[in-house]
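Asks: Pasting final-v9.txt below, which is compact mmCIF, C-alpha atoms and all ligand atoms.
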# COMPACT_ATOMS: atom_id res chain seq x y z
CA MET J 202 84.37 -94.28 -25.92
CA LYS J 203 80.81 -93.26 -26.77
CA LEU J 204 78.95 -95.32 -29.38
CA ILE J 205 76.03 -93.80 -31.26
CA LYS J 206 74.05 -96.09 -33.56
CA VAL J 207 72.23 -94.54 -36.49
CA LYS J 208 69.94 -96.00 -39.13
CA ASN J 209 71.48 -94.84 -42.39
CA LYS J 210 74.09 -92.70 -44.12
CA LYS J 211 71.90 -89.59 -43.99
CA GLU J 212 71.55 -89.84 -40.21
CA LEU J 213 75.27 -90.53 -39.86
CA GLY J 214 76.01 -87.38 -41.89
CA GLU J 215 73.59 -85.29 -39.84
CA ARG J 216 74.88 -86.49 -36.45
CA ALA J 217 78.54 -86.02 -37.29
CA GLY J 218 77.85 -82.81 -39.27
CA ALA J 219 76.03 -81.31 -36.28
CA ILE J 220 79.05 -81.96 -34.03
CA VAL J 221 81.45 -80.43 -36.56
CA ALA J 222 79.17 -77.42 -37.17
CA GLU J 223 78.82 -76.74 -33.45
CA ALA J 224 82.59 -76.96 -33.00
CA VAL J 225 83.28 -74.59 -35.90
CA LYS J 226 80.73 -72.09 -34.55
CA ALA J 227 82.32 -72.19 -31.10
CA MET J 228 85.85 -71.93 -32.48
CA PRO J 229 86.07 -70.22 -35.91
CA TYR J 230 89.86 -70.86 -36.11
CA ILE J 231 89.43 -74.56 -35.35
CA VAL J 232 91.86 -77.15 -36.74
CA LEU J 233 89.90 -80.03 -38.26
CA GLY J 234 91.61 -83.37 -38.91
CA LEU J 235 90.01 -84.95 -41.97
CA PRO J 236 89.77 -88.40 -43.55
CA THR J 237 88.97 -89.53 -47.08
CA GLY J 238 87.23 -92.69 -48.31
CA SER J 239 83.56 -93.62 -48.53
CA SER J 240 82.64 -93.47 -44.82
CA PRO J 241 82.94 -89.68 -44.34
CA MET J 242 81.14 -88.82 -47.61
CA PRO J 243 77.74 -88.28 -45.88
CA VAL J 244 79.45 -85.99 -43.37
CA TYR J 245 80.92 -83.83 -46.13
CA GLU J 246 77.51 -83.79 -47.85
CA ASP J 247 75.86 -82.63 -44.64
CA LEU J 248 78.48 -79.92 -44.07
CA ILE J 249 78.04 -78.65 -47.64
CA LEU J 250 74.27 -78.35 -47.07
CA ARG J 251 74.86 -76.43 -43.85
CA TYR J 252 77.26 -74.11 -45.71
CA GLN J 253 74.73 -73.55 -48.51
CA LYS J 254 72.10 -72.62 -45.92
CA GLY J 255 74.53 -70.09 -44.44
CA ASP J 256 74.80 -72.00 -41.17
CA ILE J 257 78.56 -72.53 -41.21
CA ASP J 258 81.59 -70.50 -42.23
CA PHE J 259 84.81 -72.37 -43.06
CA SER J 260 86.87 -69.30 -44.01
CA ARG J 261 89.02 -69.32 -40.86
CA VAL J 262 89.09 -73.09 -40.38
CA SER J 263 92.35 -74.98 -40.90
CA THR J 264 92.19 -78.56 -42.13
CA ILE J 265 94.82 -81.22 -41.91
CA ASN J 266 94.24 -84.52 -43.69
CA LEU J 267 95.26 -87.86 -42.31
CA ASP J 268 97.02 -89.31 -45.29
CA GLU J 269 98.00 -89.36 -48.95
CA TYR J 270 99.24 -92.05 -51.32
CA ILE J 271 102.92 -91.96 -52.17
CA GLY J 272 103.53 -91.54 -55.88
CA LEU J 273 100.27 -89.82 -56.75
CA PRO J 274 100.45 -86.12 -57.62
CA ALA J 275 97.64 -83.87 -56.37
CA THR J 276 96.14 -83.83 -59.88
CA HIS J 277 95.70 -87.63 -59.99
CA THR J 278 91.98 -88.46 -59.78
CA GLN J 279 92.62 -91.08 -57.08
CA SER J 280 94.84 -88.87 -54.95
CA TYR J 281 93.39 -87.71 -51.67
CA HIS J 282 94.12 -84.11 -52.72
CA TYR J 283 91.74 -84.64 -55.62
CA TYR J 284 89.17 -86.37 -53.40
CA MET J 285 89.16 -83.50 -50.92
CA ASP J 286 88.75 -80.86 -53.64
CA GLU J 287 85.99 -82.79 -55.40
CA THR J 288 84.16 -83.94 -52.28
CA PHE J 289 84.42 -80.95 -50.03
CA PHE J 290 86.76 -77.99 -50.54
CA SER J 291 85.36 -76.88 -53.91
CA HIS J 292 81.83 -76.75 -52.43
CA VAL J 293 82.54 -74.62 -49.36
CA ASN J 294 84.54 -71.50 -48.47
CA THR J 295 87.63 -73.14 -47.00
CA ASP J 296 90.74 -71.01 -47.58
CA PRO J 297 93.19 -73.00 -49.78
CA ALA J 298 96.04 -71.55 -47.71
CA ARG J 299 94.58 -73.27 -44.65
CA THR J 300 93.89 -76.72 -46.14
CA HIS J 301 96.69 -79.25 -45.81
CA LEU J 302 97.49 -82.75 -47.02
CA PRO J 303 100.83 -84.55 -47.16
CA ASP J 304 102.48 -84.28 -50.58
CA GLY J 305 102.46 -87.80 -52.00
CA ALA J 306 104.66 -86.71 -54.88
CA ALA J 307 107.39 -85.27 -52.63
CA GLU J 308 110.86 -86.29 -53.78
CA ASP J 309 111.85 -87.20 -50.25
CA PRO J 310 108.82 -88.75 -48.45
CA GLU J 311 110.65 -88.94 -45.10
CA ALA J 312 111.40 -85.22 -45.25
CA GLU J 313 107.75 -84.64 -46.17
CA CYS J 314 106.69 -86.51 -43.00
CA LYS J 315 108.90 -84.28 -40.91
CA LYS J 316 107.51 -81.21 -42.62
CA TYR J 317 103.97 -82.43 -41.92
CA ASP J 318 104.74 -82.92 -38.22
CA GLU J 319 106.16 -79.39 -38.08
CA LEU J 320 102.94 -78.16 -39.65
CA ILE J 321 100.82 -80.07 -37.11
CA ASP J 322 102.90 -78.52 -34.32
CA LYS J 323 102.63 -75.05 -35.81
CA LEU J 324 98.84 -75.38 -35.97
CA GLY J 325 98.83 -76.41 -32.31
CA GLY J 326 97.56 -79.92 -33.05
CA VAL J 327 94.11 -81.04 -34.10
CA ASP J 328 91.02 -79.75 -32.30
CA LEU J 329 88.45 -82.07 -33.86
CA GLN J 330 89.52 -85.24 -35.64
CA LEU J 331 87.12 -87.02 -37.98
CA LEU J 332 88.04 -90.65 -38.74
CA GLY J 333 86.97 -93.64 -40.79
CA ILE J 334 88.14 -97.16 -39.96
CA GLY J 335 89.62 -99.95 -42.08
CA TYR J 336 88.38 -103.55 -41.91
CA ASN J 337 91.60 -104.34 -40.03
CA GLY J 338 91.08 -101.54 -37.54
CA HIS J 339 93.41 -99.03 -39.14
CA ILE J 340 92.83 -95.32 -38.58
CA GLY J 341 94.53 -92.98 -40.99
CA PHE J 342 96.81 -95.49 -42.65
CA ASN J 343 98.18 -96.74 -39.36
CA GLU J 344 98.04 -100.45 -40.08
CA PRO J 345 98.07 -103.20 -37.41
CA SER J 346 101.55 -103.42 -35.96
CA ASP J 347 103.62 -104.35 -32.90
CA SER J 348 103.55 -100.80 -31.58
CA PHE J 349 101.46 -97.68 -31.97
CA SER J 350 102.94 -95.25 -34.46
CA LYS J 351 103.79 -91.87 -33.07
CA ARG J 352 104.12 -89.24 -35.71
CA THR J 353 103.70 -88.90 -39.47
CA SER J 354 105.43 -91.70 -41.30
CA VAL J 355 105.77 -93.60 -44.53
CA VAL J 356 103.60 -96.69 -44.22
CA ARG J 357 103.38 -99.82 -46.29
CA LEU J 358 99.71 -100.64 -46.82
CA THR J 359 98.67 -104.21 -46.07
CA GLU J 360 97.51 -106.42 -48.91
CA ASP J 361 93.93 -106.17 -47.61
CA THR J 362 94.03 -102.39 -47.55
CA VAL J 363 95.45 -102.24 -51.09
CA LYS J 364 92.65 -104.59 -52.16
CA ALA J 365 89.99 -102.51 -50.39
CA ASN J 366 91.36 -99.31 -51.95
CA SER J 367 91.45 -100.85 -55.43
CA ARG J 368 87.67 -100.40 -55.75
CA PHE J 369 88.28 -96.76 -56.59
CA PHE J 370 90.94 -97.45 -59.24
CA ASP J 371 90.27 -98.44 -62.89
CA ASP J 372 93.49 -100.41 -62.93
CA ALA J 373 94.07 -102.49 -59.76
CA ALA J 374 97.79 -102.66 -60.61
CA GLY J 375 97.98 -98.89 -60.17
CA VAL J 376 96.93 -98.89 -56.50
CA PRO J 377 99.77 -97.43 -54.44
CA GLU J 378 101.32 -99.68 -51.83
CA TYR J 379 102.78 -96.88 -49.76
CA ALA J 380 101.27 -93.85 -48.14
CA ILE J 381 102.18 -91.01 -45.81
CA SER J 382 100.02 -91.12 -42.69
CA MET J 383 99.67 -89.01 -39.61
CA GLY J 384 100.59 -91.11 -36.56
CA ILE J 385 98.44 -92.45 -33.71
CA ARG J 386 100.05 -89.97 -31.29
CA ASP J 387 98.76 -86.94 -33.14
CA ILE J 388 95.35 -88.51 -33.67
CA MET J 389 95.13 -89.25 -29.93
CA LEU J 390 96.19 -85.70 -29.05
CA ALA J 391 93.15 -84.32 -30.88
CA ARG J 392 90.85 -82.69 -28.37
CA LYS J 393 87.78 -84.41 -29.74
CA ILE J 394 87.44 -87.42 -32.04
CA ILE J 395 84.52 -88.68 -34.12
CA LEU J 396 84.85 -91.98 -35.97
CA VAL J 397 82.20 -92.77 -38.57
CA ALA J 398 81.56 -96.27 -39.89
CA GLY J 399 79.08 -97.99 -42.16
CA GLU J 400 77.23 -101.17 -41.26
CA GLU J 401 79.85 -103.27 -43.06
CA LYS J 402 82.37 -102.23 -40.37
CA LYS J 403 80.28 -103.31 -37.36
CA ASP J 404 82.50 -106.29 -36.45
CA ILE J 405 85.73 -104.30 -36.39
CA VAL J 406 84.00 -101.43 -34.57
CA ASP J 407 82.88 -103.90 -31.90
CA ILE J 408 86.46 -105.17 -31.52
CA ALA J 409 87.87 -101.63 -31.41
CA VAL J 410 85.32 -100.43 -28.85
CA ASN J 411 85.11 -103.50 -26.60
CA GLY J 412 88.25 -105.53 -27.24
CA ASP J 413 91.82 -105.27 -25.95
CA ILE J 414 93.70 -102.03 -26.46
CA THR J 415 96.38 -103.18 -28.85
CA PRO J 416 98.38 -101.85 -31.81
CA ARG J 417 97.10 -104.95 -33.64
CA VAL J 418 93.80 -103.01 -33.74
CA PRO J 419 94.99 -99.40 -34.05
CA ALA J 420 91.48 -97.93 -33.49
CA SER J 421 91.37 -99.61 -30.06
CA ALA J 422 93.68 -96.80 -28.84
CA LEU J 423 90.60 -94.57 -28.97
CA GLN J 424 89.34 -96.33 -25.82
CA LEU J 425 91.98 -94.28 -24.00
CA HIS J 426 90.73 -90.98 -25.38
CA ARG J 427 88.68 -88.65 -23.17
CA ASP J 428 86.28 -87.53 -25.86
CA ALA J 429 85.95 -90.09 -28.66
CA THR J 430 82.58 -90.87 -30.25
CA VAL J 431 81.88 -93.63 -32.74
CA ILE J 432 78.90 -93.17 -35.04
CA LEU J 433 77.95 -96.51 -36.55
CA ILE J 434 75.22 -97.36 -39.04
CA GLN J 435 73.15 -100.24 -37.77
CA GLY J 436 70.03 -100.52 -39.90
C1 LIG E 501 91.53 -92.41 -45.32
C2 LIG E 501 91.72 -93.07 -44.04
C3 LIG E 501 91.37 -94.51 -43.88
C4 LIG E 501 89.90 -94.76 -44.19
C5 LIG E 501 89.58 -96.27 -44.05
C6 LIG E 501 88.13 -96.56 -44.39
O1 LIG E 501 91.90 -91.06 -45.25
O2 LIG E 501 92.20 -92.44 -43.14
O3 LIG E 501 91.63 -94.89 -42.54
O4 LIG E 501 89.10 -94.02 -43.32
O5 LIG E 501 90.40 -97.00 -44.90
O6 LIG E 501 87.90 -96.29 -45.73
P1 LIG E 501 86.42 -96.30 -46.30
O7 LIG E 501 85.65 -95.27 -45.59
O8 LIG E 501 86.57 -95.97 -47.77
O9 LIG E 501 85.89 -97.68 -46.06
Spit out the file's structure as structure tokens when you get a sec.

Replies:
Amino acid sequence: MKLIKVKNKKELGERAGAIVAEAVKAMPYIVLGLPTGSSPMPVYEDLILRYQKGDIDFSRVSTINLDEYIGLPATHTQSYHYYMDETFFSHVNTDPARTHLPDGAAEDPEAECKKYDELIDKLGGVDLQLLGIGYNGHIGFNEPSDSFSKRTSVVRLTEDTVKANSRFFDDAAGVPEYAISMGIRDIMLARKIILVAGEEKKDIVDIAVNGDITPRVPASALQLHRDATVILIQG
């Protein structure tokens, strides 16, 4: 696993944005795996700037997001659908027919997981996966566990994750406890992976990069990937 240390959010955005831009240029029909949260924000900002300068065209790109909260409709301001529209999609020329997130409001979440896996298969898997990391080492919402998850599933968020996520909610009681998340298998099958992390994640990044490979630290699986790069802010 390659570790790149950068000084600040702007540099993180530029480094990761450059990798994404190069990949999109080389492969206009690329499938990008996308995260939400605060860590990837500078990357989306960088990609928007590149789009505004005419340096990148997203019209043929497919995107597949890692996760969505169960119980939140796409219109909810804390849903990941809403985040993606606000943060990225509405600022670039992605084709809405090619942007995908799990439906957190699906009547049957298990059936939704199956549908999402079929979609991943139909797209031929992820070419370039962008990731954040939780304080407990989760990637997507694959929480520490006894075994690595395989495919998309309904996950119960740990208390710590619910607490961390509550910073975005006005009412902490309204933070969902369940989510639909793509599994470790499909993340690991991505041809290229970039994980971005702020300075506050340096301890867990160190454990994920240098520690044992264990489902107790889901991001440690990335040590087994051929082409995984971690971009960490270390001011
Ligand atoms: C969200 C996701 C999560 C986040 C992680 C870090 O789509 O996949 O794994 O990347 O919880 O969140 P932030 O960046 O907000 O600290």

Asks: Just how far from atom CA of J:Ser421 is atom CA of J:Lys403, in Å to one decimal?

Replies: 13.8 Å

Asks: When distances are computed from only C-alpha atoms, which of J:Arg251, J:Arg261, J:His277, J:Arg386 shows the smallest separation from J:Ile340?

Replies: J:Arg386

Asks: With ligand LIG 501 (chain E) as the partner and 6 Å as the cut-off, tabulate the residues of chain J that qualify, each row holding the nearest pair of atoms and their distance in Å to one decimal, using all atoms listed in the file, sorted by chain and rising number, as a Markdown table.

Replies:
| residue | atom | partner | partner_atom | distance |
| --- | --- | --- | --- | --- |
| J:Pro236 | CA | E:LIG501 | O1 | 3.8 |
| J:Thr237 | CA | E:LIG501 | O1 | 3.8 |
| J:Gly238 | CA | E:LIG501 | O8 | 3.4 |
| J:Ser239 | CA | E:LIG501 | O8 | 3.9 |
| J:Ser240 | CA | E:LIG501 | O7 | 3.6 |
| J:Leu267 | CA | E:LIG501 | O1 | 5.5 |
| J:Asp268 | CA | E:LIG501 | O1 | 5.4 |
| J:Leu332 | CA | E:LIG501 | O4 | 5.8 |
| J:Gly333 | CA | E:LIG501 | O4 | 3.3 |
| J:Ile334 | CA | E:LIG501 | C5 | 4.4 |
| J:Gly335 | CA | E:LIG501 | O5 | 4.2 |
| J:His339 | CA | E:LIG501 | O3 | 5.6 |
| J:Ile340 | CA | E:LIG501 | O3 | 4.2 |
| J:Gly341 | CA | E:LIG501 | O2 | 3.2 |
| J:Phe342 | CA | E:LIG501 | O3 | 5.2 |

Asks: Find the residue from J:Arg417, J:Arg368, J:Lys323, J:His282 that sits nearest to J:Phe349; use only C-alpha atoms when measuring.

Replies: J:Arg417

Asks: Rounded to one decimal in Å, what is the spacing between atom CA of J:Lys364 and atom CA of J:Gly272?

Replies: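 Interatomic distance, atom CA of J:Lys364 to atom CA of J:Gly272: 17.4 Å.
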
Asks: Let me make sure I understand: among J:Leu248, J:Lys211, J:Asp371, J:Val431, which one has the smallest atom-to-atom distance to J:Ile395 if we use only C-alpha atoms?

Replies: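 Comparing J:Leu248, J:Lys211, J:Asp371, J:Val431 against J:Ile395, the winner is J:Val431.
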
Asks: When you look at J:Asp328 with a cut-off of 9 Å (counting all atoms listed in the file), what residues show up, excluding the ones that are within fewer than 5 positions of it in the same chain? I need them as a PyMOL selection string.

Replies: chain J and resi 224+231-234+390-394

Asks: Hey, can you spit out that residue selection with C-alpha atoms as a short mmCIF file (atom, residue, chain, number, x, y, z; two decimals), keeping the file's coordinate frame?

Replies:
data_model
loop_
_atom_site.label_atom_id
_atom_site.label_comp_id
_atom_site.auth_asym_id
_atom_site.auth_seq_id
_atom_site.Cartn_x
_atom_site.Cartn_y
_atom_site.Cartn_z
CA ALA J 224 82.59 -76.96 -33.00
CA ILE J 231 89.43 -74.56 -35.35
CA VAL J 232 91.86 -77.15 -36.74
CA LEU J 233 89.90 -80.03 -38.26
CA GLY J 234 91.61 -83.37 -38.91
CA LEU J 390 96.19 -85.70 -29.05
CA ALA J 391 93.15 -84.32 -30.88
CA ARG J 392 90.85 -82.69 -28.37
CA LYS J 393 87.78 -84.41 -29.74
CA ILE J 394 87.44 -87.42 -32.04
#
